[in-house]
Amino acid sequence: MDTEALRSFVRAAELGQFQHAADELGVTQQAVSKRIAALERSLGVRLFSRTTRGVELTLDGQALLPHARGIVAGVERAVAAVRPGSRALRIDVLGLRSAQAVVLHDYWRSHPGIDLDVVTLRANDPRVAVAAVEAGDVDASFRTVTDPAALPPGVQMIHAFHSPLDLLVGPRHPLAGARKVTPRQLRKHRIWVPGIAPGSEWAEFYDELTTAFDLRIDAAGPHFGDEVLLDTLADSADVATLVGARDRYIWPTHHDLRRIPVVDPILAYPLSLILPSTNPHPGLRGIITHLAGLPALPQTAWLPSWAVPGAARRE
């Protein structure tokens, strides 16, 4: 089987567009299309269906993807075994402006000699990240499997850090002038978090948060990107959202958005690191030590039920 065709298939599946896969692989879109067409002919199935946004995996494509990842990762390991030097430490984060990326950047600034490759798998389902770690496609992933018993042999999950949440509002919102807010004050206010994927760790988090504090979490509509969300907040007198205190968001000055800490209790999202149980990349040791040194949450903090046992949890 043509490993370059499999590589093209994997990247197109992860990125959702042939052009993006071609840009990453350093070839033309036509070359990616031809490789995947040849792969489909050899297998006798369709792997992708086209949509207005790009391409999506068919059921056959979904079945092939984890195996294809394993083959591609195996080829990369084989090449690395005979190539001078070693591959960079590859870590998956939810987004390049997320708290995970910020923490990794802080670590890199204090350890500039580390060869670090920060990637995003662009998948809401944490099982995709687990499969990527299991296959060796990435060395670690900042994702959480809310049922650790579901992890396959050879993969482990450790606590990384807790991410406190801030309320983000526009200048006309009723809470815009507050220096801090409590969960009780958020009741009946519309908190818009578009694009919460069913079955994702975020869906479980917001389900528990809504139940615990009687909040009005609105997940209506697709997530068209941070820019659209920030534009909506700036123009609205009643829409707010929740963001991580370490997340980096950039908006035009005239938006005049306000980040307001949520306190009494702090609402915190528990972030985990998924990595191999045996023979992890040696570069992970320093990052795990760095994570252990991050400030702990105060006792007046709320965490979901699936957070690390013994962590602070109050309502």
# chains A, B, ... in the order shown; residues from 1 in each chain; ligands from 1

$ select_by_dssp --residues "segment 57-190 of chain A" --states "alpha helix (DSSP H)" --output "number ranges by chain"
A: 59-82, 99-110, 126-135, 183-186

$ select_by_dssp --residues "segment 116-248 of chain A" --states "strand (DSSP E or B)" --output "PyMOL selection string"
chain A and resi 116-119+140-141+155-169+181+190-192+216-218+239-244

$ write_last_selection --atoms "N, CA, C and O atoms" --output "compact mmCIF listing (two decimals), in the first residue's frame"
# COMPACT_ATOMS: atom_id res chain seq x y z
N LEU A 116 10.47 21.38 20.22
CA LEU A 116 9.06 21.19 20.54
C LEU A 116 8.20 21.46 19.32
O LEU A 116 8.37 22.47 18.63
N ASP A 117 7.27 20.56 19.05
CA ASP A 117 6.33 20.69 17.94
C ASP A 117 4.92 20.68 18.52
O ASP A 117 4.44 19.65 18.98
N VAL A 118 4.27 21.84 18.52
CA VAL A 118 2.92 21.97 19.07
C VAL A 118 1.92 21.84 17.93
O VAL A 118 1.97 22.59 16.96
N VAL A 119 0.99 20.88 18.04
CA VAL A 119 0.03 20.61 16.97
C VAL A 119 -1.38 20.61 17.54
O VAL A 119 -1.59 20.55 18.75
N ALA A 140 2.11 13.28 23.23
CA ALA A 140 1.20 13.55 24.35
C ALA A 140 0.10 14.46 23.85
O ALA A 140 0.25 15.14 22.83
N SER A 141 -1.02 14.47 24.58
CA SER A 141 -2.15 15.31 24.20
C SER A 141 -2.80 15.89 25.44
O SER A 141 -3.05 15.19 26.41
N VAL A 155 -1.61 3.35 27.34
CA VAL A 155 -1.86 4.80 27.38
C VAL A 155 -2.30 5.18 28.78
O VAL A 155 -3.13 4.49 29.38
N GLN A 156 -1.75 6.25 29.31
CA GLN A 156 -2.13 6.72 30.64
C GLN A 156 -2.55 8.18 30.58
O GLN A 156 -2.28 8.89 29.60
N MET A 157 -3.21 8.65 31.62
CA MET A 157 -3.64 10.03 31.72
C MET A 157 -3.26 10.57 33.09
O MET A 157 -3.55 9.94 34.11
N ILE A 158 -2.60 11.72 33.11
CA ILE A 158 -2.20 12.34 34.37
C ILE A 158 -2.77 13.75 34.44
O ILE A 158 -3.09 14.36 33.41
N HIS A 159 -2.94 14.26 35.64
CA HIS A 159 -3.43 15.63 35.81
C HIS A 159 -2.36 16.61 35.31
O HIS A 159 -1.17 16.47 35.62
N ALA A 160 -2.80 17.62 34.56
CA ALA A 160 -1.88 18.65 34.07
C ALA A 160 -2.01 19.92 34.93
O ALA A 160 -1.11 20.27 35.68
N PHE A 161 -3.15 20.59 34.84
CA PHE A 161 -3.39 21.76 35.68
C PHE A 161 -4.88 22.11 35.59
O PHE A 161 -5.60 21.61 34.72
N HIS A 162 -5.33 22.95 36.49
CA HIS A 162 -6.71 23.43 36.48
C HIS A 162 -6.74 24.80 35.82
O HIS A 162 -5.90 25.65 36.08
N SER A 163 -7.76 25.02 34.99
CA SER A 163 -7.89 26.28 34.28
C SER A 163 -9.11 27.04 34.79
O SER A 163 -10.25 26.69 34.44
N PRO A 164 -8.94 28.08 35.64
CA PRO A 164 -10.07 28.88 36.09
C PRO A 164 -10.75 29.59 34.92
O PRO A 164 -10.10 29.92 33.92
N LEU A 165 -12.04 29.84 35.05
CA LEU A 165 -12.81 30.47 33.99
C LEU A 165 -13.08 31.93 34.30
O LEU A 165 -13.30 32.31 35.46
N ASP A 166 -13.06 32.76 33.25
CA ASP A 166 -13.47 34.16 33.32
C ASP A 166 -14.75 34.34 32.52
O ASP A 166 -15.01 33.60 31.55
N LEU A 167 -15.55 35.33 32.92
CA LEU A 167 -16.69 35.74 32.12
C LEU A 167 -16.21 36.79 31.12
O LEU A 167 -15.48 37.72 31.49
N LEU A 168 -16.60 36.66 29.86
CA LEU A 168 -16.23 37.62 28.83
C LEU A 168 -17.50 38.26 28.30
O LEU A 168 -18.41 37.56 27.82
N VAL A 169 -17.58 39.60 28.39
CA VAL A 169 -18.78 40.34 27.98
C VAL A 169 -18.40 41.60 27.21
O VAL A 169 -17.26 42.08 27.28
N VAL A 181 -17.44 38.38 39.53
CA VAL A 181 -18.82 37.90 39.60
C VAL A 181 -18.82 36.53 40.25
O VAL A 181 -17.81 35.81 40.24
N ARG A 190 -27.63 34.85 29.72
CA ARG A 190 -27.33 33.92 28.62
C ARG A 190 -25.82 33.80 28.45
O ARG A 190 -25.13 34.77 28.16
N ILE A 191 -25.32 32.58 28.64
CA ILE A 191 -23.89 32.30 28.44
C ILE A 191 -23.78 31.47 27.18
O ILE A 191 -24.18 30.30 27.16
N TRP A 192 -23.29 32.08 26.13
CA TRP A 192 -23.27 31.45 24.81
C TRP A 192 -21.94 30.73 24.59
O TRP A 192 -20.87 31.35 24.62
N ARG A 216 -27.59 29.22 32.61
CA ARG A 216 -28.25 29.18 31.30
C ARG A 216 -27.17 29.10 30.22
O ARG A 216 -26.75 30.11 29.66
N ILE A 217 -26.68 27.90 29.96
CA ILE A 217 -25.66 27.70 28.95
C ILE A 217 -26.34 27.46 27.61
O ILE A 217 -27.15 26.54 27.47
N ASP A 218 -26.05 28.28 26.63
CA ASP A 218 -26.65 28.19 25.30
C ASP A 218 -25.60 27.72 24.31
O ASP A 218 -24.62 28.42 24.05
N VAL A 239 -25.49 38.94 25.79
CA VAL A 239 -24.76 37.70 25.55
C VAL A 239 -23.40 37.76 26.24
O VAL A 239 -22.69 38.77 26.15
N ALA A 240 -23.05 36.66 26.92
CA ALA A 240 -21.74 36.53 27.55
C ALA A 240 -21.20 35.15 27.20
O ALA A 240 -21.91 34.29 26.69
N THR A 241 -19.92 34.92 27.48
CA THR A 241 -19.35 33.59 27.32
C THR A 241 -18.34 33.35 28.42
O THR A 241 -17.99 34.27 29.17
N LEU A 242 -17.88 32.12 28.54
CA LEU A 242 -16.86 31.76 29.52
C LEU A 242 -15.58 31.38 28.78
O LEU A 242 -15.63 30.65 27.79
N VAL A 243 -14.45 31.88 29.25
CA VAL A 243 -13.16 31.58 28.64
C VAL A 243 -12.17 31.23 29.74
O VAL A 243 -12.33 31.64 30.89
N GLY A 244 -11.14 30.48 29.39
CA GLY A 244 -10.09 30.16 30.34
C GLY A 244 -9.29 31.39 30.72
O GLY A 244 -9.00 32.24 29.87

$ residues_around --residues "Thr120 of chain A" --least-positions-apart "6" --cutoff "6 Å" --atoms "only C-alpha atoms" --output "list of chain:residue names"
A:Asp92, A:Val93, A:Leu94

$ atom_distance --atom1 "atom CA of Ile250 of chain A" --atom2 "atom CA of His173 of chain A"
19.1 Å

$ closest_residue --among "A:Leu291, A:Ile274, A:Ala88, A:Ala301" --to "Tyr107 of chain A" --atoms "only C-alpha atoms"
A:Leu291

$ closest_atom_pairs --of "segment 71-161 of chain A" --to "segment 14-26 of chain A" --cutoff "10 Å" --atoms "only C-alpha atoms" --output "CSV"
residue,atom,partner,partner_atom,distance
A:Thr120,CA,A:Glu14,CA,9.2
A:Leu121,CA,A:Glu14,CA,6.3
A:Arg122,CA,A:Glu14,CA,6.4
A:Ala123,CA,A:Glu14,CA,7.5
A:Val128,CA,A:Glu14,CA,9.8

$ closest_residue --among "A:Glu134, A:Pro194, A:His290, A:Ala38" --to "Ser110 of chain A" --atoms "only C-alpha atoms"
A:His290

$ atom_distance --atom1 "atom CA of Val263 of chain A" --atom2 "atom CA of Pro298 of chain A"
10.5 Å

$ atom_distance --atom1 "atom CA of Pro66 of chain A" --atom2 "atom CA of Val130 of chain A"
10.3 Å

$ residues_around --residues "Phe205 of chain A" --least-positions-apart "2" --cutoff "10 Å" --atoms "only C-alpha atoms" --output "list in words"
Thr146, Ser200, Glu201, Trp202, Ala203, Asp207, Glu208, Leu209, Thr210, Ala268, Tyr269, Pro270, Leu303, Pro304, Ser305, Trp306 and Ala307 of chain A

$ residues_around --residues "Glu56 of chain A" --least-positions-apart "6" --cutoff "8 Å" --atoms "only C-alpha atoms" --output "ChimeraX atom specification"
/A:13,16,48-50
